[in-house]
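Dumped upload19.tsv below, it's TSV, C-alpha atoms:
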chain	number	residue	atom	x	y	z
A	239	MET	CA	17.49	27.32	12.07
A	240	LYS	CA	17.62	30.07	14.73
A	241	LYS	CA	21.33	29.39	15.40
A	242	ILE	CA	22.16	29.74	11.69
A	243	VAL	CA	20.27	33.05	11.48
A	244	LEU	CA	22.04	34.44	14.59
A	245	LEU	CA	25.44	33.43	13.26
A	246	PHE	CA	24.59	35.07	9.95
A	247	VAL	CA	23.54	38.29	11.71
A	248	ALA	CA	26.72	38.36	13.83
A	249	PHE	CA	28.87	37.77	10.80
A	250	SER	CA	27.12	40.55	8.90
A	251	CYS	CA	27.62	43.04	11.76
A	252	CYS	CA	31.27	42.11	12.19
A	253	SER	CA	31.85	42.45	8.49
A	254	CYS	CA	30.27	45.88	8.69
A	255	ARG	CA	32.34	47.06	11.66
A	256	GLU	CA	35.76	45.85	10.55
A	257	PRO	CA	36.30	48.36	7.75
A	258	VAL	CA	35.21	51.14	10.09
A	259	LYS	CA	38.03	50.37	12.51
A	260	LYS	CA	40.59	50.45	9.72
A	261	ASN	CA	39.30	53.66	8.26
A	262	SER	CA	38.06	56.11	10.89
A	263	LYS	CA	36.97	58.58	8.24
A	264	LYS	CA	34.20	56.23	7.20
A	265	LEU	CA	33.03	55.82	10.74
A	266	GLY	CA	30.88	58.94	10.66
A	267	GLN	CA	29.35	58.00	7.38
A	268	CYS	CA	28.49	54.55	8.63
A	269	LEU	CA	27.10	55.84	11.91
A	270	ASP	CA	25.15	58.73	10.31
A	271	SER	CA	23.49	56.56	7.67
A	272	ASN	CA	23.19	53.39	9.76
A	273	CYS	CA	24.18	51.76	6.51
A	274	CYS	CA	25.58	48.42	7.50
A	275	CYS	CA	24.11	46.66	10.44
A	276	ASP	CA	20.71	48.30	10.28
A	277	TYR	CA	20.33	47.47	6.58
A	278	SER	CA	21.51	43.90	7.07
A	279	LEU	CA	19.19	43.33	10.00
A	280	THR	CA	16.22	44.78	8.10
A	281	SER	CA	16.96	42.61	5.04
A	282	ILE	CA	17.41	39.50	7.15
A	283	SER	CA	14.21	40.25	9.05
A	284	GLN	CA	12.25	40.59	5.82
A	285	THR	CA	13.76	37.42	4.37
A	286	LEU	CA	13.15	35.54	7.59
A	287	GLY	CA	9.52	36.72	7.63
A	288	ALA	CA	8.97	35.49	4.07
A	289	VAL	CA	10.59	32.15	4.89
A	290	GLY	CA	8.46	31.85	8.01
A	291	GLU	CA	5.30	32.44	5.97
A	292	LYS	CA	6.30	29.76	3.46
A	293	VAL	CA	7.08	27.33	6.26
A	294	ALA	CA	3.67	28.01	7.82
A	295	ASN	CA	1.94	27.35	4.48
A	296	MET	CA	3.92	24.15	4.01
A	297	ALA	CA	3.00	23.04	7.53
A	298	GLU	CA	-0.70	23.54	6.74
A	299	LYS	CA	-0.39	21.51	3.53
A	300	ILE	CA	1.47	18.73	5.34
A	301	THR	CA	-1.21	18.62	8.03
A	302	PHE	CA	-3.93	18.39	5.35
A	303	LEU	CA	-2.08	15.60	3.49
A	304	GLU	CA	-1.49	13.67	6.70
A	305	ALA	CA	-5.21	13.84	7.54
A	306	LYS	CA	-6.15	12.73	4.02
A	307	LEU	CA	-3.65	9.85	4.13
A	308	GLN	CA	-4.98	8.71	7.50
A	309	LYS	CA	-8.55	8.74	6.17
A	310	THR	CA	-7.50	6.72	3.11
A	311	GLU	CA	-5.72	4.18	5.29
A	312	GLU	CA	-8.83	3.83	7.45
A	313	GLU	CA	-11.01	3.27	4.37
A	314	VAL	CA	-8.60	0.61	3.05
A	315	LEU	CA	-8.59	-1.17	6.41
A	316	GLU	CA	-12.39	-1.07	6.52
A	317	LEU	CA	-12.62	-2.47	2.99
A	318	ARG	CA	-10.18	-5.25	3.84
A	319	SER	CA	-12.13	-6.15	6.96
A	320	THR	CA	-15.39	-6.49	5.01
A	321	THR	CA	-13.98	-8.29	1.96
A	322	GLY	CA	-11.02	-10.10	3.46
A	323	ALA	CA	-8.81	-8.32	0.90
A	324	THR	CA	-10.45	-10.52	-1.79
A	325	PRO	CA	-13.12	-9.33	-4.27
A	326	GLN	CA	-16.55	-10.72	-3.40
A	327	VAL	CA	-19.20	-11.05	-6.10
A	328	ALA	CA	-22.35	-13.17	-5.82
A	329	PHE	CA	-26.05	-12.84	-6.66
A	330	SER	CA	-29.25	-14.85	-6.79
A	331	ALA	CA	-32.69	-13.85	-8.06
A	332	ALA	CA	-36.11	-15.26	-8.99
A	333	LEU	CA	-38.19	-14.23	-11.99
A	334	ARG	CA	-41.29	-12.74	-10.34
A	335	ASP	CA	-41.39	-10.48	-7.29
A	336	SER	CA	-45.10	-11.24	-6.77
A	337	GLY	CA	-48.11	-12.93	-8.35
A	338	SER	CA	-48.16	-15.74	-10.89
A	339	GLY	CA	-48.47	-16.22	-14.64
A	340	ASN	CA	-46.58	-16.44	-17.91
A	341	THR	CA	-43.67	-14.29	-19.03
A	342	GLY	CA	-43.80	-14.01	-22.82
A	343	PRO	CA	-44.24	-14.71	-25.60
A	344	PHE	CA	-42.35	-11.86	-27.28
A	345	THR	CA	-41.79	-11.35	-30.99
A	346	VAL	CA	-38.01	-11.06	-30.49
A	347	VAL	CA	-35.46	-12.66	-28.17
A	348	THR	CA	-35.69	-10.95	-24.79
A	349	PRO	CA	-33.47	-10.97	-21.67
A	350	LEU	CA	-35.46	-12.20	-18.68
A	351	LYS	CA	-35.63	-9.73	-15.80
A	352	TYR	CA	-35.32	-11.62	-12.53
A	353	LYS	CA	-36.92	-9.09	-10.20
A	354	ARG	CA	-36.94	-10.82	-6.81
A	355	VAL	CA	-33.34	-10.43	-5.65
A	356	PHE	CA	-32.23	-12.74	-2.84
A	357	SER	CA	-28.66	-11.46	-2.74
A	358	ASN	CA	-26.47	-9.14	-4.76
A	359	THR	CA	-23.02	-8.80	-3.18
A	360	GLY	CA	-20.96	-6.44	-5.30
A	361	ASN	CA	-24.09	-4.97	-6.98
A	362	CYS	CA	-23.16	-6.49	-10.32
A	363	TYR	CA	-26.66	-7.75	-11.15
A	364	ASN	CA	-29.29	-5.26	-12.35
A	365	PRO	CA	-32.89	-6.46	-11.78
A	366	SER	CA	-34.19	-3.68	-14.05
A	367	THR	CA	-32.45	-5.24	-17.06
A	368	GLY	CA	-31.76	-8.81	-15.92
A	369	ILE	CA	-28.10	-8.35	-16.85
A	370	PHE	CA	-25.04	-9.21	-14.77
A	371	THR	CA	-22.01	-6.99	-15.53
A	372	ALA	CA	-18.57	-8.07	-14.35
A	373	VAL	CA	-16.56	-5.51	-12.40
A	374	VAL	CA	-13.77	-7.98	-11.56
A	375	LYS	CA	-11.78	-10.00	-14.08
A	376	GLY	CA	-12.02	-13.65	-13.11
A	377	MET	CA	-13.59	-17.08	-13.42
A	378	TYR	CA	-17.33	-17.20	-12.68
A	379	PHE	CA	-20.03	-19.81	-12.12
A	380	PHE	CA	-23.60	-19.22	-13.39
A	381	ARG	CA	-26.75	-21.32	-13.10
A	382	PHE	CA	-30.34	-20.80	-14.26
A	383	SER	CA	-33.57	-22.79	-14.10
A	384	MET	CA	-36.67	-22.81	-16.28
A	385	PHE	CA	-40.28	-23.87	-15.59
A	386	ASN	CA	-42.40	-24.78	-18.60
A	387	ASN	CA	-45.96	-23.58	-19.16
A	388	LEU	CA	-48.92	-25.97	-19.18
A	389	SER	CA	-49.94	-25.27	-22.79
A	390	ARG	CA	-48.58	-27.34	-25.67
A	391	ASN	CA	-47.75	-24.20	-27.63
A	392	PRO	CA	-45.72	-22.14	-27.31
A	393	SER	CA	-42.96	-24.18	-25.75
A	394	SER	CA	-40.29	-22.84	-23.38
A	395	VAL	CA	-36.71	-22.12	-24.45
A	396	THR	CA	-34.19	-20.15	-22.38
A	397	SER	CA	-30.45	-19.69	-22.88
A	398	LEU	CA	-27.51	-18.41	-20.85
A	399	MET	CA	-25.86	-15.62	-22.86
A	400	LYS	CA	-22.47	-13.92	-22.66
A	401	ASN	CA	-22.15	-10.68	-24.60
A	402	GLY	CA	-24.86	-11.84	-27.01
A	403	VAL	CA	-23.31	-15.30	-27.53
A	404	ARG	CA	-25.31	-18.39	-26.47
A	405	LEU	CA	-23.56	-20.64	-23.93
A	406	THR	CA	-26.11	-23.19	-22.67
A	407	SER	CA	-29.88	-23.69	-23.02
A	408	VAL	CA	-32.92	-25.38	-21.50
A	409	TRP	CA	-35.83	-26.46	-23.72
A	410	ASP	CA	-39.14	-28.20	-23.10
A	411	THR	CA	-42.55	-28.61	-24.70
A	412	SER	CA	-45.60	-29.51	-22.62
A	413	GLY	CA	-47.43	-32.57	-23.81
A	414	SER	CA	-49.74	-34.90	-22.01
A	415	ASP	CA	-47.73	-34.46	-18.80
A	416	ALA	CA	-47.87	-31.49	-16.45
A	417	ASN	CA	-45.29	-28.76	-16.00
A	418	ASP	CA	-41.69	-29.67	-16.59
A	419	MET	CA	-38.62	-28.02	-15.17
A	420	GLY	CA	-34.97	-27.94	-16.19
A	421	SER	CA	-31.72	-26.15	-15.39
A	422	ASN	CA	-28.25	-25.62	-16.78
A	423	ALA	CA	-24.97	-24.05	-15.70
A	424	ALA	CA	-21.56	-22.90	-16.92
A	425	VAL	CA	-18.15	-21.86	-15.60
A	426	ILE	CA	-16.75	-19.05	-17.74
A	427	PRO	CA	-14.00	-16.40	-17.67
A	428	LEU	CA	-15.12	-12.77	-17.73
A	429	GLU	CA	-13.33	-9.53	-18.42
A	430	VAL	CA	-14.37	-6.30	-16.72
A	431	GLY	CA	-17.50	-5.05	-18.50
A	432	ASP	CA	-18.66	-8.43	-19.86
A	433	ASN	CA	-22.41	-9.07	-19.66
A	434	VAL	CA	-24.18	-12.31	-18.73
A	435	TYR	CA	-27.95	-12.84	-18.81
A	436	VAL	CA	-30.69	-15.38	-19.51
A	437	GLU	CA	-32.52	-14.96	-22.80
A	438	LEU	CA	-36.04	-16.08	-23.61
A	439	ALA	CA	-36.36	-17.21	-27.22
A	440	ALA	CA	-38.79	-15.43	-29.52
A	441	HIS	CA	-42.40	-16.69	-29.41
A	442	ARG	CA	-41.67	-18.72	-26.26
A	443	LEU	CA	-42.76	-18.30	-22.65
A	444	VAL	CA	-42.12	-19.49	-19.11
A	445	TYR	CA	-44.45	-19.79	-16.13
A	446	ASP	CA	-43.78	-18.87	-12.52
A	447	ASP	CA	-45.55	-18.15	-9.23
A	448	SER	CA	-44.67	-17.67	-5.58
A	449	MET	CA	-42.74	-20.97	-5.62
A	450	ASN	CA	-39.99	-19.22	-7.67
A	451	TYR	CA	-39.24	-21.95	-10.19
A	452	ASN	CA	-37.30	-19.69	-12.58
A	453	THR	CA	-34.05	-18.50	-11.02
A	454	PHE	CA	-30.75	-16.99	-12.12
A	455	GLY	CA	-27.58	-16.75	-10.03
A	456	GLY	CA	-23.83	-16.72	-10.10
A	457	PHE	CA	-20.67	-15.88	-8.23
A	458	LEU	CA	-16.97	-15.20	-8.66
A	459	LEU	CA	-14.86	-18.33	-8.21
A	460	PHE	CA	-11.54	-16.50	-8.24
A	461	ALA	CA	-10.07	-13.29	-9.64
A	462	MET	CA	-7.49	-13.39	-12.42
Please express what this file holds, its structure, as structure tokens.
Amino acid sequence: MKKIVLLFVAFSCCSCREPVKKNSKKLGQCLDSNCCCDYSLTSISQTLGAVGEKVANMAEKITFLEAKLQKTEEEVLELRSTTGATPQVAFSAALRDSGSGNTGPFTVVTPLKYKRVFSNTGNCYNPSTGIFTAVVKGMYFFRFSMFNNLSRNPSSVTSLMKNGVRLTSVWDTSGSDANDMGSNAAVIPLEVGDNVYVELAAHRLVYDDSMNYNTFGGFLLFAM
């Protein structure tokens, strides 16, 4: 860059001096006014200063972008090291976080809120609502268990739901025997944003204590 500028300056000065040699009458005018070389040098100096300022600004922007790119690369590497470059989604929870007793009955169908969370990789399960929300499109496995109450009425009925549609259910009514327990499961495809939860039927109830009989869990088999 410096060589180009110097050559340009030399060429400008030579171009200025050549006509002066051929026409001595103009020599005085050129020397008195310092019209040629001085003007060219001043113009080049101003242009070069403006270019230098732009180059400095560009250098600052490039430095900022390089730092940002490096940080992004580090975050990607960290994410890959923790996930193995494969989405990881899994959760498991029990119905009660403490105490014992019945859940229900309710006058309407109600999602069960499994409050004691054993694991929640990916943070897709919300214990405040009892709803699992898919953040990765893929094939999933879900399983739930139900523990019946001791009373004959009401009986216990729970269902695995996907976006409000019933998939599988567990049902039992206590009779002369003691508590009964059942479970069910399903392998289903989910789109991003799909909801899966366990629903307690209206006017039904389930019983649980510190043994954690009622559970809900699932995990991503593979992304699609």
Using all atoms listed in the file, which residues sit within 8 Å of Lys400 (chain A) once same-chain residues fewer than 3 positions away are excluded, as a VMD selection string?
chain A and resid 403 to 405 432 to 435
Take the residues just selected and output them with C-alpha atoms as a CSV table (one decimal), in the frame of the given file.
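Result saved to out.csv:
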chain,number,residue,atom,x,y,z
A,403,VAL,CA,-23.3,-15.3,-27.5
A,404,ARG,CA,-25.3,-18.4,-26.5
A,405,LEU,CA,-23.6,-20.6,-23.9
A,432,ASP,CA,-18.7,-8.4,-19.9
A,433,ASN,CA,-22.4,-9.1,-19.7
A,434,VAL,CA,-24.2,-12.3,-18.7
A,435,TYR,CA,-28.0,-12.8,-18.8
If you take all atoms listed in the file and a cut-off of 8 Å, which residues of region 372-429 of chain A touch region 324-347 of chain A, and what are their nearest atom pairs and distances in Å to one decimal, in chain and number order, as CSV?
residue,atom,partner,partner_atom,distance
A:Val374,CA,A:Pro325,CA,7.4
A:Asn387,CA,A:Asn340,CA,7.3
A:Pro392,CA,A:Pro343,CA,7.8
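Going from CA of Asn417 (chain A) to CA of Ser357 (chain A) covers 27.4 Å.
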How big is the axis-aligned box, and where does its centre sit, when it encloses all atoms of region 444-453 of chain A listed in the file and has 6 Å added on every side, reported in Å to one decimal as lines of an AutoDock Vina configuration file?
center_x = -39.8
center_y = -19.8
center_z = -12.3
size_x = 23.5
size_y = 16.3
size_z = 25.5
Just checking: using all atoms listed in the file, which residue out of A:Arg381, A:Lys309, A:Lys299, A:Lys292 ends up closest to Thr453 (chain A)?
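Checking each of A:Arg381, A:Lys309, A:Lys299, A:Lys292 against Thr453 (chain A), counting all atoms listed in the file, the winner is A:Arg381.
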Residue with the minimum atom-to-atom distance to Leu438 (chain A), picked from A:Tyr352, A:Phe302, A:Phe460, A:Phe380 with only C-alpha atoms counted, is A:Tyr352
Mind checking which residues fall within 9 Å of Val430 (chain A), counting all atoms listed in the file, ignoring those fewer than 4 positions away in the same chain, and posting them as an MDAnalysis selection string?
chainID A and resid 371:376
Give as number ranges by chain each residue that has an atom at most 8 Å from (-44.1, -29.7, -13.3) in the file, counting all atoms listed in the file.
A: 385-386, 416-419
CA of Arg442 (chain A) to CA of Ala423 (chain A), distance in Å rounded to a single decimal:
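Calculated distance between CA of Arg442 (chain A) and CA of Ala423 (chain A) is 20.5 Å.
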Using only C-alpha atoms, which of A:Thr301, A:Ser281, A:Ser383, A:Thr348 sits nearest Tyr451 (chain A)?
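Result for the nearest residue to Tyr451 (chain A): A:Ser383.
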With 10 Å as the threshold, what does the neighbourhood of (-31.4, -23.8, -19.5) contain in terms of residues, counting all atoms listed in the file? Coordinates are those of the file; answer as an MDAnalysis selection string.
chainID A and resid 381:385 394:398 405:410 419:423 436:438 452
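Between CA of Ser448 (chain A) and CA of Tyr363 (chain A) there is a distance of 21.3 Å.
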